[in-house]
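> Following this message is one structure expressed as structure tokens.
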Amino acid sequence: MVEESGEEEAEGESAEMPAAPLQRCNGFLPGKEAAAGPGGGEQPAPAATAAPAAPAAPEAEAMLAGGGRPEARLETRLSRRRLAVLAVFSCYSLVNAFQWIQYSILSNVFAGFYGVSFTQIDWLSMVYMVAYVPLILPATWLLDARGLRLTALLGAGLNALGAWLKCGSLAPQRYPLTLAAQAVCAVAQVFILGLPSRIASVWFGPTEVSTACAVAVLGNQLGTAIGFLLPPVLVPNTPNDIDLMAHNISIMFYGTAIVSTLLFFLTGVVFEEKPKYPPSHSQAVLQTKPPEDYSYKQSIINLFRNIPFILLLISYGIMTGAFYSVSTLLNQMIVTHYEAKEVNAGRIGLTLVVAGMVGSIICGLWLDYTKTYKQTTLIVYILSFIGLLVFTFTLDLGYLIVVFVTGGVLGFFMTGYLPLGFEFAVEITYPESEGTSSGLLNASAQIFGIVFTLVQGKLTTDYSPRAGNIFLCAWIFVGIILTALIKSDLRRHNVNSGIMNLDVKAV
């Protein structure tokens with residue numbers, strides 16, 4: 001293993017905490033407050049007074065690994081393996097996102113190939129959203145009960161299985177088979193979308209956790225970007241030569257299947273449950289809690305009693321659902337005003353997502369540097385609203401270059417919001433499971449995505465793309481109000497900073 005003691009590196013975090021935070025550990029115990037010094041600040045207890053904390057001895061022993069040796073629990077290191085775990089996860093998440101959008105960006109091509117309506121092609125995208133909602137609770141339970149490695153293997157394995165099933169749907173009469181294959185990929189997505197914040201928290205230190213989450217989300221965004229760019233190049237619209245169209249589609253399907261299978265095997269080799277040493281003090285605390293103390297049901301109840309999380313749940317669903325809807329219907333919006341511009345529609349989608357990838361990384365770095373979660377989230381939300389308004393009212397001007405620019409601005413903020421929501425949720429819900437909070441956020445996004453795609457698609461078909469986009473603008477404005485109401489209580493950051501007057505009850 002990579003994490004052998006001789007090869008382990010402490011990158012930015014010392015192997016042991018100083019004595020002062022140790023004396024504050026009582027702050028984690030129910031009913032115990034950290035000692036306050038003059039002016040309300042925390043006062044480290046002298047070493048000689050550590051013993052009188054005996055009233056909470058059973059709980060304190062549970063907090064300390066190694067039979068009461070504080071240094072065993074407090075030793076935190078960063079593993080080199082974390083980079084490989086992040087890279088492999090990002091790659092198979094990329095392939096899953098590519099399979100999500102590959103039909104929608106060629107909606108007119110696949111509608112002609114399978115002889116079905118645009119609505120049926122839209123369902124090849126919406127099946128991702130439909131599958132997520134009923135499966136998210138079992139998936140997050142599996143993540144908490146059976147761990148990160150098994151969940152990752154399920155996501156990568158189902159992704160490969162769905163890709164191979166698509167290879168059997170290369171005939172005009174086989175729309176039901178390609179829908180079934182896409183449904184398998186949709187189930188794989190359930191075991192993928194909730195992992196970025198878990199991987200970041202379990203494997204990365206406090207000064208890099210937000211950036212790591214952004215990179216993990218970035219893999220999914222990059223897959224969407226490639227899904228916008230590559231399919232129109234591989235599968236040009238040849239309505240008069242169905243055999244050639246089937247051949248071109250087969251190249252895309254078989255290539256995807258081979259890559260996803262390779263990534264499945266890499267997942268088995270690289271993924272471990274957790275590093276040998278916890279990467280942060282907040283993880284050290286969680287890892288010392290006995291497994292029998294954890295209740296998945298109670299964790300769900302705690303999350304739904306958390307008012308700031310409920311507000312974030314709705315606002316995240318609105319923003320991300322709007323992004324899903326715009327991505328699904330982008331081809332229809334572009335070809336409505338720019339006939340026979342399927343390839344340019346893909347390039348505009350690519351611009352939107354690549355700009356969003358840049359936004360994600362910048363937001364992740366900014367959060368690691370400033371920890372201004374609410375302020376950053378609110379500003380990005382407002383700028384996304386402005387970007388969608390500009391995109392809406394410039395779409396029909398007849399200048400594709402304008403659409404490229406406005407689409408890039410929209411993507412920078414709208415897609416850049418995704419890791420912000422994940423990390424903000426982890427902060428305000430600590431010590432609840434990162435997988436559970438992320439899973440619920442994604443479930444909200446899928447529900448809003450289904451509704452928004454159906455309604456915006458209907459408005460676009462019956463009226464115009466402008467009507468559908470105005471509908472989304474109204475909802476994003478509601479999201480701005482909800483985000484402004486969120487109370488920013490950065491629990492995980494407080495623990496990592498040594499401000500341990502927090503009552504950790506759930507895990």
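Scheme for the structure tokens: letters A, B, ... for chains in order shown; per-chain residue numbers from 1; ligand numbers from 1 in order shown.
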List every residue of range 96-325 of chain A that DSSP, applied to the backbone of this structure, places in alpha helix (DSSP H), and write the result as a ChimeraX atom specification.
/A:96-101,107-114,118-146,148-166,175-190,195-203,209-234,242-270,281-287,296-305,307-325
> Quick one: everything within 8 Å of Ala171 in chain A, counting only C-alpha atoms, minus sequence neighbours fewer than 4 positions away in the same chain. Send it as an MDAnalysis selection string.
chainID A and resid 113:114 246
> Can those selected residues be exported to a file as a PDB file, in the first residue's frame so that it contains all heavy atoms?

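Produced file selection31.pdb, reproduced below:
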ATOM      1  N   PHE A 113     -32.820   8.386 -36.375  1.00  0.00           N
ATOM      2  CA  PHE A 113     -32.268   7.034 -36.437  1.00  0.00           C
ATOM      3  C   PHE A 113     -33.235   6.005 -35.841  1.00  0.00           C
ATOM      4  O   PHE A 113     -33.480   4.947 -36.434  1.00  0.00           O
ATOM      5  CB  PHE A 113     -30.931   6.990 -35.700  1.00  0.00           C
ATOM      6  CG  PHE A 113     -30.275   5.631 -35.700  1.00  0.00           C
ATOM      7  CD1 PHE A 113     -29.690   5.130 -36.855  1.00  0.00           C
ATOM      8  CD2 PHE A 113     -30.243   4.861 -34.548  1.00  0.00           C
ATOM      9  CE1 PHE A 113     -29.077   3.873 -36.862  1.00  0.00           C
ATOM     10  CE2 PHE A 113     -29.637   3.609 -34.547  1.00  0.00           C
ATOM     11  CZ  PHE A 113     -29.061   3.117 -35.707  1.00  0.00           C
ATOM     12  N   TYR A 114     -33.779   6.320 -34.664  1.00  0.00           N
ATOM     13  CA  TYR A 114     -34.683   5.371 -34.012  1.00  0.00           C
ATOM     14  C   TYR A 114     -36.137   5.556 -34.437  1.00  0.00           C
ATOM     15  O   TYR A 114     -36.988   4.741 -34.060  1.00  0.00           O
ATOM     16  CB  TYR A 114     -34.567   5.502 -32.487  1.00  0.00           C
ATOM     17  CG  TYR A 114     -33.281   4.940 -31.923  1.00  0.00           C
ATOM     18  CD1 TYR A 114     -32.360   5.759 -31.285  1.00  0.00           C
ATOM     19  CD2 TYR A 114     -32.977   3.581 -32.027  1.00  0.00           C
ATOM     20  CE1 TYR A 114     -31.171   5.251 -30.762  1.00  0.00           C
ATOM     21  CE2 TYR A 114     -31.794   3.065 -31.513  1.00  0.00           C
ATOM     22  CZ  TYR A 114     -30.902   3.905 -30.886  1.00  0.00           C
ATOM     23  OH  TYR A 114     -29.733   3.391 -30.382  1.00  0.00           O
ATOM     24  N   ALA A 246     -25.470   4.306 -38.467  1.00  0.00           N
ATOM     25  CA  ALA A 246     -25.300   3.222 -37.496  1.00  0.00           C
ATOM     26  C   ALA A 246     -23.816   2.922 -37.272  1.00  0.00           C
ATOM     27  O   ALA A 246     -23.380   2.672 -36.135  1.00  0.00           O
ATOM     28  CB  ALA A 246     -26.033   1.975 -37.971  1.00  0.00           C
TER      29      ALA A 246
END
> Please identify all polymer residues within 9 Å of Ile450 in chain A, counting only C-alpha atoms, omitting same-chain residues fewer than 6 positions from it, and present them as a ChimeraX atom specification.
/A:126-127,129-130,321,324-325
> Hey, which of A:Ile105, A:Val233, A:Leu124, A:Leu158 ends up closest to Ala180 in chain A? Count only C-alpha atoms.
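Selected residue with least distance to Ala180 in chain A: A:Leu124.
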> Write out as an MDAnalysis selection string each polymer residue whose atoms come within 9 Å of Ile476 in chain A, counting only C-alpha atoms; drop sequence neighbours fewer than 6 positions from it.
chainID A and resid 315 318:319 322 381:382 384:385
> Write a file of the just-selected residues containing all heavy atoms, as a PDB file, in the first residue's frame.

ATOM      1  N   SER A 315     -32.571  25.425  -2.769  1.00  0.00           N
ATOM      2  CA  SER A 315     -31.860  26.349  -3.664  1.00  0.00           C
ATOM      3  C   SER A 315     -30.866  25.612  -4.554  1.00  0.00           C
ATOM      4  O   SER A 315     -30.719  25.939  -5.741  1.00  0.00           O
ATOM      5  CB  SER A 315     -31.141  27.435  -2.854  1.00  0.00           C
ATOM      6  OG  SER A 315     -30.190  26.873  -1.974  1.00  0.00           O
ATOM      7  N   ILE A 318     -32.834  23.954  -7.360  1.00  0.00           N
ATOM      8  CA  ILE A 318     -33.260  24.906  -8.391  1.00  0.00           C
ATOM      9  C   ILE A 318     -32.117  25.205  -9.357  1.00  0.00           C
ATOM     10  O   ILE A 318     -32.274  25.130 -10.576  1.00  0.00           O
ATOM     11  CB  ILE A 318     -33.772  26.201  -7.732  1.00  0.00           C
ATOM     12  CG1 ILE A 318     -35.099  25.931  -7.002  1.00  0.00           C
ATOM     13  CG2 ILE A 318     -33.958  27.304  -8.777  1.00  0.00           C
ATOM     14  CD1 ILE A 318     -35.578  27.100  -6.164  1.00  0.00           C
ATOM     15  N   MET A 319     -30.955  25.538  -8.822  1.00  0.00           N
ATOM     16  CA  MET A 319     -29.828  25.915  -9.681  1.00  0.00           C
ATOM     17  C   MET A 319     -29.358  24.742 -10.544  1.00  0.00           C
ATOM     18  O   MET A 319     -29.193  24.861 -11.767  1.00  0.00           O
ATOM     19  CB  MET A 319     -28.667  26.426  -8.832  1.00  0.00           C
ATOM     20  CG  MET A 319     -27.406  26.717  -9.637  1.00  0.00           C
ATOM     21  SD  MET A 319     -27.607  28.081 -10.807  1.00  0.00           S
ATOM     22  CE  MET A 319     -27.449  29.464  -9.672  1.00  0.00           C
ATOM     23  N   ALA A 322     -31.895  23.632 -13.127  1.00  0.00           N
ATOM     24  CA  ALA A 322     -31.900  24.553 -14.268  1.00  0.00           C
ATOM     25  C   ALA A 322     -30.743  24.250 -15.217  1.00  0.00           C
ATOM     26  O   ALA A 322     -30.901  24.280 -16.437  1.00  0.00           O
ATOM     27  CB  ALA A 322     -31.820  25.997 -13.773  1.00  0.00           C
ATOM     28  N   TYR A 381     -24.763  32.653  -7.176  1.00  0.00           N
ATOM     29  CA  TYR A 381     -26.183  32.485  -7.520  1.00  0.00           C
ATOM     30  C   TYR A 381     -26.717  33.713  -8.259  1.00  0.00           C
ATOM     31  O   TYR A 381     -27.400  33.605  -9.297  1.00  0.00           O
ATOM     32  CB  TYR A 381     -26.988  32.247  -6.237  1.00  0.00           C
ATOM     33  CG  TYR A 381     -28.078  31.201  -6.375  1.00  0.00           C
ATOM     34  CD1 TYR A 381     -28.033  30.018  -5.656  1.00  0.00           C
ATOM     35  CD2 TYR A 381     -29.162  31.385  -7.225  1.00  0.00           C
ATOM     36  CE1 TYR A 381     -29.019  29.055  -5.772  1.00  0.00           C
ATOM     37  CE2 TYR A 381     -30.159  30.435  -7.347  1.00  0.00           C
ATOM     38  CZ  TYR A 381     -30.077  29.272  -6.617  1.00  0.00           C
ATOM     39  OH  TYR A 381     -31.063  28.315  -6.737  1.00  0.00           O
ATOM     40  N   ILE A 382     -26.398  34.894  -7.735  1.00  0.00           N
ATOM     41  CA  ILE A 382     -26.879  36.137  -8.357  1.00  0.00           C
ATOM     42  C   ILE A 382     -26.289  36.299  -9.758  1.00  0.00           C
ATOM     43  O   ILE A 382     -26.996  36.652 -10.717  1.00  0.00           O
ATOM     44  CB  ILE A 382     -26.517  37.348  -7.468  1.00  0.00           C
ATOM     45  CG1 ILE A 382     -27.306  37.293  -6.157  1.00  0.00           C
ATOM     46  CG2 ILE A 382     -26.798  38.657  -8.203  1.00  0.00           C
ATOM     47  CD1 ILE A 382     -26.859  38.322  -5.128  1.00  0.00           C
ATOM     48  N   SER A 384     -25.278  33.929 -11.715  1.00  0.00           N
ATOM     49  CA  SER A 384     -25.903  32.938 -12.596  1.00  0.00           C
ATOM     50  C   SER A 384     -27.240  33.449 -13.120  1.00  0.00           C
ATOM     51  O   SER A 384     -27.580  33.255 -14.297  1.00  0.00           O
ATOM     52  CB  SER A 384     -26.112  31.618 -11.841  1.00  0.00           C
ATOM     53  OG  SER A 384     -24.888  31.059 -11.430  1.00  0.00           O
ATOM     54  N   PHE A 385     -27.998  34.093 -12.254  1.00  0.00           N
ATOM     55  CA  PHE A 385     -29.286  34.673 -12.658  1.00  0.00           C
ATOM     56  C   PHE A 385     -29.080  35.734 -13.748  1.00  0.00           C
ATOM     57  O   PHE A 385     -29.783  35.733 -14.774  1.00  0.00           O
ATOM     58  CB  PHE A 385     -29.960  35.285 -11.431  1.00  0.00           C
ATOM     59  CG  PHE A 385     -31.200  36.083 -11.732  1.00  0.00           C
ATOM     60  CD1 PHE A 385     -32.381  35.457 -12.108  1.00  0.00           C
ATOM     61  CD2 PHE A 385     -31.192  37.470 -11.641  1.00  0.00           C
ATOM     62  CE1 PHE A 385     -33.528  36.188 -12.383  1.00  0.00           C
ATOM     63  CE2 PHE A 385     -32.320  38.210 -11.924  1.00  0.00           C
ATOM     64  CZ  PHE A 385     -33.495  37.562 -12.294  1.00  0.00           C
TER      65      PHE A 385
END
